[in-house]
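Take a look at the structure set out below.
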Amino acid sequence: MRVRSRAFVAAAVRAPDSRSRIWLAATAIIIIGAAGAFIAAERTSPPAMTAEEAGRAYLFAGNYQSAVATLRAAYRAHPSESLKLDLSRALLAAGDFESVIGMLGSDDSSAASDLRAQALFGAARFDDAAKAATASFESVSADSRAMLLLAKARYALGDASAASHWLGNALRARGEMLAESWCFRARLALDANDLPTARSAAERAAETGASPLQVFLIRAEILMRQGDFAGARGVLEKLAKPDKRSAQRYEFAREFLAARIDAARGSYIEAARRIRASGALYRSAPNGSAIAGMIAEGAGDAAQAETIFRAGLDAAPSNPVLLDAFAAFLVRQGRSNEALETVARLERVAPYLAQTRRAAILLENGDRDAALARIKSAADLTPAPFSAEIVFGPKSQAAIAEQAALGAARRLISAARTLLDADAGALRDSAKQIAVGRDPVALELAGELLLAAGEAEAAASRFDEAFAIAPDFDAARIGRLRADLASGRSGEAEARLFAAIARDPSDAFARLSLARLLRSNGRLLEAAAVLRPMAKRLTASAKDAGFYANILAAVGARDQLSAFADLAFAAKQGAPYVVDLYEKAGRLDQAGLAARAALLEAPGDEARAQRYLRLMEKAGRGDDARLFLSALAKRLPAASGARAALADAAGAPALRGGEAAKAAATAGAGDLRALERAYRAAPTDPRAALRLGLALQKAGREDKAARLLREACFWSSAATCAKSKGTDS
């Protein structure tokens with residue numbers, strides 16, 4: 001610029017005429033002035049940004065710590081609503097969730113509600129996050145962000161049904177969170193190991209604007225769940241680095257999946273290193289605490305694993321994946337009693353997982369009868385994947401180990417499922433598959449399968465094998481009895497039971513079974529004599545006590561029955577069956593006292609109140625009973641249905657026996673298939689056997705009906721069974 005202006009001045013001096021010299025000189029002066037102004041402008045700094053503007057610039061650039069520091073200083077100097085929200089966004093991005101919650105306080109604006117909900121979720125306060133998201137949703141109609149957050153919070157809490165509902169709403173809203181919603185749809189599909197649905201959801205996410213990072217992470221996890229761990233790691237390594245603004249989120253998402261891939265292939269030490277590097281961010285990831293806890297255990301840090309599991313359950317006490325993972329951890333630590341306590345919590349939210357896990361624990365502990373009961377319960381439930389399969393995939397080392405630990409229980413549950421529905425051929429095949437080795441539970445179940453297939457002789461052999469291995473296995477003894485009843489060999493059964501009592505006079509099972517067999521053959525005095533030595537033990541069970549009382553009443557042993565009722569009242573004062581015993585003994589005053597004790601155990605039970613009133617009226621003390629019911633009603637909460645029921649009972653005449661029976665009757669016949677299924681599920685339930693037997697009798701299938709009616713008689717508490725067609729006492 002300076003060289004050019006000097007050239008203009010020199011040219012003006014050399015110009016041939018004065019006019020040219022004047023023009024050139026003026027032009028040179030203008031150019032020199034403009035150049036000076038330009039240079040001055042270049043050397044002057046732009047106006048400085050305010051702290052507020054600088055903080056927002058840092059936030060936009062992804063420098064969250066600087067954004068927090070700058071915006072906090074600006075907010076302290078000049079508090080404002082906009083600065084509070086900007087500072088909250090910076091704190092949220094920096095992962096300081098508790099500070100966001102404190103900053104927003106009770107601000108109920110839509111923006112504040114949205115930020116608070118996100119912060120609560122990030123802090124793993126899922127229940128509070130769901131409430132805040134609900135408030136945000138209610139203040140802004142069709143808020144897809146709130147819907148998606150509700151879906152994530154409900155999923156974290158273990159409510160998959162509610163999560164699916166809110167996710168469906170978010171997808172239908174088609175708002176700014178549509179891509180994120182499709183990514184979460186993929187997440188649900190991945191956890192269910194539904195890989196085709198996960199791929200489809202990933203494609204929809206990409207079409208609606210999801211970042212390449214989100215889509216690639218889904219693809220990598222699909223490979224992990226297929227067992228292609230090298231391929232999954234390869235996808236992660238090919239991911240391009242994002243801009244600084246999303247670097248923190250990128251690093252956590254990438255490292256968290258890398259940790260899961262490492263754990264899936266058994267490299268727990270490396271996985272634990274990655275988890276530690278992520279800080280506490282894993283807590284708000286789907287099933288994050290279960291993943292982190294299982295990785296810590298795999299790396300050999302059981303104490304840290306337990307800390308993670310317990311903290312996760314504090315935040316999400318009903319999450320089935322977390323409960324199942326913790327139960328499995330406790331089993332591996334040799335703490336089976338604590339594991340069973342955790343399984344009891346799991347049973348409320350995931351019955352199949354709980355029943356299978358409990359069956360495996362009971363099998364390991366040698367509690368065969370309880371294990372068999374759980375196996376039969378699980379057979380009627382829809383199968384579901386277990387924690388290791390959900391978080392690491394079915395091909396992972398953890399899932400393979402879990403399948404081995406639960407293998408026996410799962411095979412038996414599958415066989416029990418056959419017992420409920422299959423035909424004779426399938427029953428035989430299933431029995432053959434499980435009757436290998438020396439597992440008494442498997443042998444007993446094989447016997448039940450063969451018995452259901454109509455092969456009583458073969459079933460008896462299986463039951464005998466099971467009993468020989470485990471003499472304390474009551475189910476095997478019951479099975480053998482059923483096989484004898486089915487084949488009409490009651491004489492052999494009687495001889496075997498007498499021999500068992502001779503060997504061990506305290507054998508309660510043998511005494512009860514023999515008494516039932518003698519009763520079925522009309523030998524009531526002998527049945528009463530067999531049970532008399534164990535009278536005190538019989539008071540522990542309403543069914544067994546009722547059976548003994550019915551026999552005593554039938555043989556006219558009124559004094560023995562009265563003494564037995566007193567024994568039961570001393571042991572089980574508030575039990576309703578004690579009322580039956582006194583009523584059978586003809587002691588109505590004492591029956592009324594027992595009915596009153598039973599009512600005090602459950603003051604809101606209208607049936608107990610009616611029975612108490614009926615007995616007291618029979619004893620000539622109905623007015624006393626009404627006064628008592630009125631006084632009891634006043635002690636109950638004013639708005640309770642129990643109070644109204646007692647008041648009604650106090651002011652109404654008591655239902656007579658026949659009317660009460662009609663009011664309580666609920667059983668229906670149903671179709672043959674349903675009745676067969678109910679009987680197979682509970683073959684010692686006399687009602688199930690009776691209903692099926694009567695239905696078969698009605699259908700003209702006399703032989704099988706007769707067998708079922710014999711079984712119903714054997715297992716019932718009645719003293720005698722009617723011989724007429726279609727009836728039972």
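Letters A, B, ... mark the chains of the structure tokens in the order given; residue numbers begin at 1 per chain; ligand numbers begin at 1, in order shown.
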Check: Any idea what's packed within 9 Å of Leu406 (chain A), counting only C-alpha atoms, ignoring anything in its chain fewer than 2 positions away? Could you give it as a ChimeraX atom specification?
Finding: /A:356-357,359-360,401-404,408-411
Next item on the list: Report as a ChimeraX atom specification: the residues of region 190-227 of chain A with a DSSP assignment of helix (DSSP H, G or I), based on the backbone of this structure.
Entry: /A:190-191,195-207,212-225
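If you count only C-alpha atoms and ignore residues fewer than 2 places along the chain from Arg691 (chain A), what sits within 9 Å of it is Gly668, Ala669, Gly670, Leu675, Tyr679, Pro686, Arg687, Ala688, Ala689, Gly693, Leu694, Ala695, Leu696, Leu708, Leu709 and Ala712 of chain A.
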Next item on the list: To one decimal in Å, tell me the separation between CA of Trp182 (chain A) and CA of Ala258 (chain A).
Entry: 21.8 Å
Margin query: Which residue is closest to Phe256 (chain A)? Choose from A:Ser66, A:Gln118, A:Ser289, A:Gln304 and count only C-alpha atoms.
Written below: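 Comparing A:Ser66, A:Gln118, A:Ser289, A:Gln304 against Phe256 (chain A), the winner is A:Ser289.
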Checklist line | Which residue of A:Gly366, A:Pro394, A:Gly298, A:Gly234 approaches Asn193 (chain A) most closely, using only C-alpha atoms | finding: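 Using only C-alpha atoms, Asn193 (chain A) sits closest to A:Pro394.
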Notebook entry, point to check: Rounded to one decimal in Å, what is the spacing between CA of Arg680 (chain A) and CA of Lys432 (chain A)?
Noted result: 18.5 Å
Checklist line | Given only C-alpha atoms as the counted atoms, nearest of A:Glu465, A:Asp191, A:Glu583, A:Glu81 to Ala442 (chain A) | finding: A:Glu465
Checklist line | Shell of 10 Å around Lys536 (chain A), only C-alpha atoms, local chain residues under 4 positions omitted, as JSON, numbers by chain | finding: {"A": [531, 532, 540, 545, 564, 567, 568, 571]}
Write the selection just made, keeping all heavy atoms, as a short mmCIF file (atom, residue, chain, number, x, y, z; two decimals), in the first residue's frame?
data_model
loop_
_atom_site.label_atom_id
_atom_site.label_comp_id
_atom_site.auth_asym_id
_atom_site.auth_seq_id
_atom_site.Cartn_x
_atom_site.Cartn_y
_atom_site.Cartn_z
N LEU A 531 -53.50 -93.05 62.85
CA LEU A 531 -53.22 -91.62 62.99
C LEU A 531 -53.10 -91.15 64.44
O LEU A 531 -52.48 -90.11 64.71
CB LEU A 531 -54.33 -90.81 62.31
CG LEU A 531 -54.41 -90.90 60.79
CD1 LEU A 531 -55.59 -90.12 60.26
CD2 LEU A 531 -53.12 -90.38 60.14
N ARG A 532 -53.67 -91.92 65.37
CA ARG A 532 -53.73 -91.45 66.76
C ARG A 532 -52.34 -91.09 67.33
O ARG A 532 -52.21 -90.04 67.99
CB ARG A 532 -54.40 -92.51 67.64
CG ARG A 532 -54.76 -92.01 69.03
CD ARG A 532 -55.59 -93.03 69.79
NE ARG A 532 -56.83 -93.33 69.08
CZ ARG A 532 -57.17 -94.55 68.64
NH1 ARG A 532 -56.37 -95.58 68.84
NH2 ARG A 532 -58.32 -94.74 68.01
N ALA A 540 -50.72 -79.18 62.60
CA ALA A 540 -49.94 -78.22 61.80
C ALA A 540 -50.57 -77.97 60.43
O ALA A 540 -50.27 -76.96 59.78
CB ALA A 540 -48.51 -78.71 61.63
N ALA A 545 -55.57 -82.20 59.65
CA ALA A 545 -56.40 -82.14 60.86
C ALA A 545 -57.86 -82.43 60.51
O ALA A 545 -58.55 -83.17 61.23
CB ALA A 545 -56.27 -80.78 61.53
N PHE A 564 -58.93 -83.60 70.49
CA PHE A 564 -58.11 -83.18 69.35
C PHE A 564 -58.39 -81.71 69.02
O PHE A 564 -57.47 -80.95 68.68
CB PHE A 564 -58.41 -84.07 68.14
CG PHE A 564 -57.62 -83.72 66.92
CD1 PHE A 564 -56.23 -83.75 66.92
CD2 PHE A 564 -58.25 -83.35 65.74
CE1 PHE A 564 -55.50 -83.44 65.79
CE2 PHE A 564 -57.54 -83.02 64.61
CZ PHE A 564 -56.15 -83.07 64.63
N LEU A 567 -56.51 -79.58 71.38
CA LEU A 567 -55.10 -79.62 71.00
C LEU A 567 -54.83 -78.63 69.86
O LEU A 567 -53.85 -77.88 69.88
CB LEU A 567 -54.74 -81.05 70.59
CG LEU A 567 -53.27 -81.44 70.53
CD1 LEU A 567 -52.64 -81.40 71.92
CD2 LEU A 567 -53.15 -82.86 69.95
N ALA A 568 -55.72 -78.63 68.88
CA ALA A 568 -55.58 -77.73 67.74
C ALA A 568 -55.75 -76.27 68.16
O ALA A 568 -55.02 -75.38 67.68
CB ALA A 568 -56.58 -78.09 66.65
N ALA A 571 -52.68 -74.96 69.68
CA ALA A 571 -51.58 -74.78 68.71
C ALA A 571 -51.88 -73.68 67.70
O ALA A 571 -50.99 -72.93 67.30
CB ALA A 571 -51.32 -76.10 67.99
#
Note to self: At a cut-off of 12 Å, using only C-alpha atoms, what residues contact Ser716 (chain A)? Leave out same-chain residues fewer than 6 positions from it and give the result as a PyMOL selection string.
What the structure shows: chain A and resi 512-513+515-517+519-520+543-548+550-551+683-690+709-710+728-729
With N, CA, C and O atoms retained, export the selected residues as a short mmCIF file (atom, residue, chain, number, x, y, z; two decimals), in the first residue's frame.
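Result went into out_25.cif, see below:
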data_model
loop_
_atom_site.label_atom_id
_atom_site.label_comp_id
_atom_site.auth_asym_id
_atom_site.auth_seq_id
_atom_site.Cartn_x
_atom_site.Cartn_y
_atom_site.Cartn_z
N LEU A 512 -50.01 -91.16 57.25
CA LEU A 512 -51.12 -90.47 56.57
C LEU A 512 -51.56 -91.24 55.32
O LEU A 512 -52.76 -91.40 55.06
N SER A 513 -50.59 -91.73 54.56
CA SER A 513 -50.93 -92.45 53.33
C SER A 513 -51.65 -93.75 53.64
O SER A 513 -52.63 -94.12 52.96
N ALA A 515 -53.43 -94.37 56.33
CA ALA A 515 -54.77 -94.03 56.82
C ALA A 515 -55.69 -93.71 55.65
O ALA A 515 -56.87 -94.12 55.64
N ARG A 516 -55.18 -93.00 54.65
CA ARG A 516 -56.01 -92.69 53.48
C ARG A 516 -56.39 -93.97 52.73
O ARG A 516 -57.53 -94.12 52.26
N LEU A 517 -55.44 -94.87 52.63
CA LEU A 517 -55.71 -96.12 51.92
C LEU A 517 -56.74 -96.96 52.68
O LEU A 517 -57.69 -97.51 52.10
N ARG A 519 -58.94 -95.82 54.83
CA ARG A 519 -60.22 -95.11 54.72
C ARG A 519 -60.89 -95.39 53.37
O ARG A 519 -62.11 -95.62 53.30
N SER A 520 -60.10 -95.40 52.29
CA SER A 520 -60.66 -95.65 50.96
C SER A 520 -61.29 -97.04 50.88
O SER A 520 -62.22 -97.26 50.10
N LYS A 543 -55.61 -79.38 56.36
CA LYS A 543 -56.10 -80.51 55.58
C LYS A 543 -55.98 -81.81 56.37
O LYS A 543 -56.92 -82.61 56.45
N ASP A 544 -54.80 -82.04 56.96
CA ASP A 544 -54.58 -83.28 57.70
C ASP A 544 -55.44 -83.33 58.97
O ASP A 544 -55.98 -84.39 59.32
N ALA A 545 -55.57 -82.20 59.65
CA ALA A 545 -56.40 -82.14 60.86
C ALA A 545 -57.86 -82.43 60.51
O ALA A 545 -58.55 -83.17 61.23
N GLY A 546 -58.33 -81.86 59.40
CA GLY A 546 -59.70 -82.11 58.98
C GLY A 546 -59.93 -83.56 58.63
O GLY A 546 -61.01 -84.13 58.92
N PHE A 547 -58.93 -84.20 58.01
CA PHE A 547 -59.04 -85.61 57.64
C PHE A 547 -59.20 -86.48 58.90
O PHE A 547 -60.10 -87.33 58.99
N TYR A 548 -58.35 -86.24 59.89
CA TYR A 548 -58.41 -87.03 61.13
C TYR A 548 -59.73 -86.77 61.85
O TYR A 548 -60.39 -87.71 62.35
N ASN A 550 -62.60 -85.91 60.58
CA ASN A 550 -63.70 -86.55 59.86
C ASN A 550 -63.77 -88.05 60.18
O ASN A 550 -64.86 -88.63 60.32
N ILE A 551 -62.60 -88.68 60.29
CA ILE A 551 -62.58 -90.11 60.62
C ILE A 551 -63.09 -90.34 62.05
O ILE A 551 -63.91 -91.23 62.31
N PRO A 683 -51.78 -83.14 40.85
CA PRO A 683 -52.43 -84.45 40.88
C PRO A 683 -52.90 -84.90 42.26
O PRO A 683 -53.68 -85.83 42.37
N THR A 684 -52.42 -84.25 43.33
CA THR A 684 -52.88 -84.62 44.68
C THR A 684 -54.00 -83.71 45.18
O THR A 684 -54.39 -83.80 46.34
N ASP A 685 -54.49 -82.82 44.32
CA ASP A 685 -55.62 -81.96 44.69
C ASP A 685 -56.91 -82.74 44.42
O ASP A 685 -57.23 -83.03 43.27
N PRO A 686 -57.65 -83.10 45.47
CA PRO A 686 -58.85 -83.93 45.23
C PRO A 686 -59.89 -83.24 44.36
O PRO A 686 -60.61 -83.91 43.61
N ARG A 687 -59.96 -81.91 44.42
CA ARG A 687 -60.94 -81.20 43.58
C ARG A 687 -60.60 -81.34 42.10
O ARG A 687 -61.49 -81.52 41.26
N ALA A 688 -59.30 -81.25 41.79
CA ALA A 688 -58.88 -81.37 40.39
C ALA A 688 -59.19 -82.78 39.87
O ALA A 688 -59.70 -82.96 38.75
N ALA A 689 -58.88 -83.79 40.69
CA ALA A 689 -59.16 -85.18 40.28
C ALA A 689 -60.66 -85.42 40.16
O ALA A 689 -61.13 -86.09 39.23
N LEU A 690 -61.42 -84.87 41.12
CA LEU A 690 -62.88 -85.07 41.11
C LEU A 690 -63.52 -84.45 39.88
O LEU A 690 -64.33 -85.08 39.19
N LEU A 709 -61.74 -90.85 40.13
CA LEU A 709 -62.59 -90.72 41.31
C LEU A 709 -61.97 -91.44 42.51
O LEU A 709 -62.11 -90.98 43.65
N ARG A 710 -61.27 -92.57 42.25
CA ARG A 710 -60.55 -93.23 43.35
C ARG A 710 -59.47 -92.31 43.91
O ARG A 710 -59.27 -92.20 45.12
N ASP A 728 -69.85 -87.11 45.33
CA ASP A 728 -68.73 -87.30 46.25
C ASP A 728 -69.07 -86.58 47.53
O ASP A 728 -69.54 -85.46 47.52
N SER A 729 -68.82 -87.24 48.66
CA SER A 729 -69.20 -86.64 49.94
C SER A 729 -68.30 -85.47 50.30
O SER A 729 -68.64 -84.71 51.16
#
Checklist line | Within 10 Å of Ala470 (chain A) using only C-alpha atoms, minus same-chain residues under 5 positions, as a PyMOL selection string | finding: chain A and resi 366+368+438-441+464-465+476
Item checked: Non-local contacts of Leu59 (chain A) (7 Å; only C-alpha atoms; under 5 positions in same chain excluded) as a VMD selection string -> chain A and resid 64 67 90
Restricting it to C-alpha atoms, dump the selection as a PDB file, in the first residue's frame.
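And here's again-v2.pdb as it stands now:
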ATOM      1  CA  TYR A  64     -18.441 -27.784  29.428  1.00  0.00           C
ATOM      2  CA  ALA A  67     -18.949 -23.063  30.376  1.00  0.00           C
ATOM      3  CA  ALA A  90     -23.924 -26.626  31.123  1.00  0.00           C
TER       4      ALA A  90
END
Notebook entry, point to check: For Ala130 (chain A), which residue among A:Leu593, A:Ala499, A:Leu629, A:Met147 is the nearest when counting only C-alpha atoms?
Noted result: A:Met147
